[in-house]
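One file, protein-v3.txt, carrying compact mmCIF, C-alpha atoms:
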```txt
# COMPACT_ATOMS: atom_id res chain seq x y z
CA GLN A 1 143.34 147.44 -87.89
CA VAL A 2 139.78 146.96 -86.70
CA GLN A 3 138.38 147.65 -83.25
CA VAL A 4 135.22 146.08 -81.88
CA VAL A 5 133.65 147.57 -78.76
CA GLU A 6 130.60 146.29 -76.89
CA SER A 7 128.41 148.21 -74.46
CA GLY A 8 125.12 147.87 -72.62
CA GLY A 9 125.75 145.03 -70.21
CA GLY A 10 124.71 145.15 -66.59
CA LEU A 11 122.67 143.61 -63.79
CA VAL A 12 118.98 142.91 -64.33
CA GLN A 13 116.31 140.87 -62.60
CA ALA A 14 114.87 137.77 -64.20
CA GLY A 15 112.17 138.72 -66.68
CA GLY A 16 113.82 142.03 -67.44
CA SER A 17 115.42 143.37 -70.60
CA LEU A 18 118.76 144.69 -71.76
CA ARG A 19 120.03 146.03 -75.07
CA LEU A 20 123.61 145.42 -76.09
CA SER A 21 125.40 147.48 -78.72
CA CYS A 22 128.57 146.78 -80.65
CA VAL A 23 130.49 149.12 -82.92
CA ALA A 24 133.23 148.12 -85.34
CA SER A 25 135.68 150.82 -86.42
CA GLY A 26 138.96 151.19 -88.23
CA SER A 27 140.10 150.04 -91.65
CA ILE A 28 136.81 148.60 -92.83
CA PHE A 29 135.66 148.43 -96.44
CA SER A 30 132.46 146.66 -95.49
CA ILE A 31 131.36 144.02 -93.00
CA ASP A 32 130.02 140.69 -94.16
CA ALA A 33 128.62 139.47 -90.85
CA MET A 34 128.39 140.44 -87.22
CA GLY A 35 127.38 138.36 -84.27
CA TRP A 36 127.00 137.88 -80.56
CA TYR A 37 128.46 135.03 -78.54
CA ARG A 38 128.52 134.41 -74.80
CA GLN A 39 130.61 132.56 -72.27
CA ALA A 40 129.39 131.60 -68.83
CA PRO A 41 131.81 130.66 -66.03
CA GLY A 42 133.21 127.18 -66.59
CA LYS A 43 131.59 126.84 -70.01
CA GLN A 44 132.72 127.21 -73.59
CA ARG A 45 131.87 130.25 -75.65
CA GLU A 46 128.63 129.69 -77.55
CA LEU A 47 126.79 131.38 -80.37
CA VAL A 48 123.87 133.61 -79.41
CA ALA A 49 122.91 135.26 -82.70
CA THR A 50 124.42 136.34 -86.00
CA ILE A 51 123.31 138.60 -88.82
CA SER A 52 124.67 138.71 -92.35
CA SER A 53 125.18 141.73 -94.57
CA GLY A 54 121.94 140.80 -96.30
CA GLY A 55 120.03 140.67 -93.02
CA THR A 56 119.81 136.91 -92.58
CA ARG A 57 119.54 136.14 -88.87
CA ASN A 58 120.56 133.02 -87.00
CA TYR A 59 119.74 132.33 -83.33
CA ALA A 60 120.65 129.76 -80.74
CA ASP A 61 117.62 127.70 -79.79
CA SER A 62 117.93 128.86 -76.18
CA VAL A 63 117.28 132.51 -77.11
CA LYS A 64 114.77 132.20 -79.97
CA GLY A 65 111.68 134.27 -79.29
CA ARG A 66 113.41 136.29 -76.56
CA PHE A 67 116.44 137.91 -78.23
CA THR A 68 116.52 139.97 -81.41
CA ILE A 69 119.64 140.87 -83.37
CA SER A 70 119.69 143.87 -85.68
CA ARG A 71 122.29 146.00 -87.41
CA ASP A 72 122.90 149.46 -88.79
CA SER A 73 125.31 148.79 -91.63
CA ALA A 74 125.97 152.48 -92.24
CA LYS A 75 127.32 152.72 -88.70
CA ASN A 76 128.97 149.26 -88.58
CA THR A 77 126.87 148.63 -85.50
CA VAL A 78 125.00 145.57 -84.31
CA TYR A 79 122.47 145.38 -81.49
CA LEU A 80 121.12 142.58 -79.34
CA GLN A 81 117.75 143.21 -77.70
CA MET A 82 117.34 140.72 -74.87
CA ASN A 83 113.89 140.28 -73.34
CA SER A 84 112.52 137.86 -70.75
CA LEU A 85 116.01 137.34 -69.38
CA LYS A 86 116.73 134.26 -67.31
CA PRO A 87 119.48 133.56 -64.76
CA GLU A 88 120.98 131.11 -67.23
CA ASP A 89 121.57 134.01 -69.63
CA THR A 90 124.24 135.27 -67.22
CA ALA A 91 127.54 135.41 -69.10
CA VAL A 92 130.11 137.64 -70.71
CA TYR A 93 128.72 138.62 -74.09
CA TYR A 94 131.17 139.05 -76.96
CA CYS A 95 130.60 140.72 -80.29
CA ASN A 96 132.46 139.86 -83.47
CA ALA A 97 132.71 141.42 -86.88
CA LYS A 98 133.88 139.84 -90.13
CA PRO A 99 135.03 142.57 -92.52
CA ARG A 100 135.17 141.70 -96.19
CA TYR A 101 138.63 140.52 -97.27
CA SER A 102 139.75 140.23 -93.63
CA ARG A 103 139.67 137.97 -90.61
CA THR A 104 137.10 138.03 -87.80
CA TYR A 105 137.65 140.54 -85.01
CA TRP A 106 136.36 140.21 -81.44
CA GLY A 107 135.50 142.70 -78.75
CA GLN A 108 136.56 142.49 -75.12
CA GLY A 109 133.11 141.48 -73.90
CA THR A 110 130.44 142.94 -71.67
CA GLN A 111 129.07 141.28 -68.55
CA VAL A 112 125.38 140.45 -68.32
CA THR A 113 124.12 139.24 -64.94
CA VAL A 114 120.53 138.12 -64.42
CA SER A 115 119.42 137.71 -60.82
CA SER A 116 116.66 135.35 -59.80
```
Take the structure in the file and write it out as structure tokens.
Amino acid sequence: QVQVVESGGGLVQAGGSLRLSCVASGSIFSIDAMGWYRQAPGKQRELVATISSGGTRNYADSVKGRFTISRDSAKNTVYLQMNSLKPEDTAVYYCNAKPRYSRTYWGQGTQVTVSS
């Protein structure tokens, strides 16, 4: 079994920054990819950023230039540095991890609220 736990959410003013962390633990041989998704009230869950085991990064257009995803593979941890936050970034942020030879696992989410 694999557990995925996010942390670092909170309330911030527009223009501010937050750093989210996500740790995967359990029966993990290695992790192929990790990523961040978000879901705002009344909207579908959408991709924010992903990072592969080789370090290839992929970002949603709406966060390019403001958010940075990084990972510490030795710790099965992924981070999301969010700068220049906007009210429209308000959402529950979910982390996922895709272990090799296994399905994708999701965390419970962490709330990010950006006030105007």
Q) Using all atoms listed in the file, which residues sit within 8 Å of Leu80 (chain A) once same-chain residues fewer than 6 positions away are excluded, as a list of chain:residue names? A)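 Result of the neighbour search: A:Arg19, A:Leu20, A:Ser21, A:Trp36, A:Phe67, A:Thr68, A:Ile69, A:Ser70.
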Please produce an output containing C-alpha atoms for each residue in the selection, written as a PDB file, in the coordinates of the input.
```pdb
ATOM      1  CA  ARG A  19     120.030 146.030 -75.070  1.00  0.00           C
ATOM      2  CA  LEU A  20     123.610 145.420 -76.090  1.00  0.00           C
ATOM      3  CA  SER A  21     125.400 147.480 -78.720  1.00  0.00           C
ATOM      4  CA  TRP A  36     127.000 137.880 -80.560  1.00  0.00           C
ATOM      5  CA  PHE A  67     116.440 137.910 -78.230  1.00  0.00           C
ATOM      6  CA  THR A  68     116.520 139.970 -81.410  1.00  0.00           C
ATOM      7  CA  ILE A  69     119.640 140.870 -83.370  1.00  0.00           C
ATOM      8  CA  SER A  70     119.690 143.870 -85.680  1.00  0.00           C
TER       9      SER A  70
END
```
(Q) Restricting the calculation to all atoms listed in the file: of A:Glu88, A:Gln1, A:Met34, A:Tyr94, which residue gets closest to Gly107 (chain A)? (A) A:Tyr94
Q) What gap, in Å, lies between CA of Gly26 (chain A) and CA of Gln108 (chain A)? A)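 Those two atoms sit 15.9 Å apart.
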Q | Residue nearest Gln111 (chain A) - candidates A:Thr50, A:Thr77, A:Gln3, A:Gln39, atoms counted: only C-alpha atoms | A | A:Gln39
**Q.** Counting only C-alpha atoms, the option among A:Ala91, A:Ala33, A:Val114, A:Leu11 closest to Thr56 (chain A)
**A.**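 Checking each candidate against Thr56 (chain A), we get A:Ala33 as the closest.
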Q.
Considering all atoms listed in the file, can you say which of A:Ser27, A:Ser116, A:Ser52, A:Ser73 comes closest to Ser102 (chain A)?
A. A:Ser27
Q.
Please list as a ChimeraX atom specification every residue within 8 Å of Ala97 (chain A), counting all atoms listed in the file and excluding residues in the same chain fewer than 3 positions away.
A. /A:4,24,31-35,104-106
**Q.** Residues within 10 Å of (122.6, 145.7, -65.3), file coords, all atoms listed in the file, listed as a list of chain:residue names
**A.**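 All residues meeting the 10 Å criterion around (122.6, 145.7, -65.3) are A:Gly8, A:Gly9, A:Gly10, A:Leu11, A:Val12, A:Gln13, A:Gly16, A:Ser17, A:Leu18, A:Gln111, A:Val112, A:Thr113, A:Val114, A:Ser115.
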(Q) Please determine, counting all atoms listed in the file, which residue among A:Ala74, A:Ala14, A:Val2, A:Ala60 has the shortest atom-to-atom distance to Arg38 (chain A). (A)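 Closest candidate: A:Ala60.
The space between CA of Leu85 (chain A) and CA of Val23 (chain A) spans 23.1 Å.
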Q | Two-atom distance - CA of Met82 (chain A), CA of Gly15 (chain A) (Å) | A |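 Spanning CA of Met82 (chain A) to CA of Gly15 (chain A) is a straight-line distance of 9.9 Å.
In terms of minimum interatomic distance to Asn83 (chain A), A:Val63 ranks closest within A:Glu46, A:Val5, A:Val63, A:Ile51, counting only C-alpha atoms.
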Residue completion, region 45-56 of chain A, N, CA, C and O atoms, as an mmCIF file, in the frame of the given file:
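Resulting contents of rebuild-v7.cif:
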```cif
data_model
loop_
_atom_site.group_PDB
_atom_site.id
_atom_site.type_symbol
_atom_site.label_atom_id
_atom_site.label_comp_id
_atom_site.auth_asym_id
_atom_site.auth_seq_id
_atom_site.Cartn_x
_atom_site.Cartn_y
_atom_site.Cartn_z
ATOM 1 N N ARG A 45 132.565 129.160 -74.971
ATOM 2 C CA ARG A 45 131.870 130.250 -75.650
ATOM 3 C C ARG A 45 130.876 129.647 -76.646
ATOM 4 O O ARG A 45 131.189 128.690 -77.355
ATOM 5 N N GLU A 46 129.672 130.213 -76.676
ATOM 6 C CA GLU A 46 128.630 129.690 -77.550
ATOM 7 C C GLU A 46 127.980 130.809 -78.354
ATOM 8 O O GLU A 46 127.938 131.959 -77.943
ATOM 9 N N LEU A 47 127.473 130.427 -79.502
ATOM 10 C CA LEU A 47 126.790 131.380 -80.370
ATOM 11 C C LEU A 47 125.462 131.798 -79.739
ATOM 12 O O LEU A 47 124.731 130.969 -79.191
ATOM 13 N N VAL A 48 125.175 133.093 -79.833
ATOM 14 C CA VAL A 48 123.870 133.610 -79.410
ATOM 15 C C VAL A 48 123.049 133.973 -80.654
ATOM 16 O O VAL A 48 121.939 133.489 -80.835
ATOM 17 N N ALA A 49 123.623 134.827 -81.499
ATOM 18 C CA ALA A 49 122.910 135.260 -82.700
ATOM 19 C C ALA A 49 123.900 135.876 -83.680
ATOM 20 O O ALA A 49 124.900 136.469 -83.268
ATOM 21 N N THR A 50 123.622 135.710 -84.961
ATOM 22 C CA THR A 50 124.420 136.340 -86.000
ATOM 23 C C THR A 50 123.507 136.987 -87.031
ATOM 24 O O THR A 50 122.326 136.621 -87.148
ATOM 25 N N ILE A 51 124.067 137.946 -87.753
ATOM 26 C CA ILE A 51 123.310 138.600 -88.820
ATOM 27 C C ILE A 51 124.258 138.890 -89.969
ATOM 28 O O ILE A 51 125.365 139.401 -89.776
ATOM 29 N N SER A 52 123.836 138.532 -91.164
ATOM 30 C CA SER A 52 124.670 138.710 -92.350
ATOM 31 C C SER A 52 124.489 140.110 -92.922
ATOM 32 O O SER A 52 123.609 140.868 -92.498
ATOM 33 N N SER A 53 125.300 140.427 -93.915
ATOM 34 C CA SER A 53 125.180 141.730 -94.570
ATOM 35 C C SER A 53 123.830 141.879 -95.258
ATOM 36 O O SER A 53 123.318 142.985 -95.402
ATOM 37 N N GLY A 54 123.240 140.756 -95.648
ATOM 38 C CA GLY A 54 121.940 140.800 -96.300
ATOM 39 C C GLY A 54 120.772 140.762 -95.325
ATOM 40 O O GLY A 54 119.606 140.794 -95.741
ATOM 41 N N GLY A 55 121.085 140.658 -94.019
ATOM 42 C CA GLY A 55 120.030 140.670 -93.020
ATOM 43 C C GLY A 55 119.555 139.307 -92.546
ATOM 44 O O GLY A 55 118.617 139.212 -91.758
ATOM 45 N N THR A 56 120.193 138.253 -93.022
ATOM 46 C CA THR A 56 119.810 136.910 -92.580
ATOM 47 C C THR A 56 120.235 136.726 -91.123
ATOM 48 O O THR A 56 121.393 136.947 -90.788
#
```
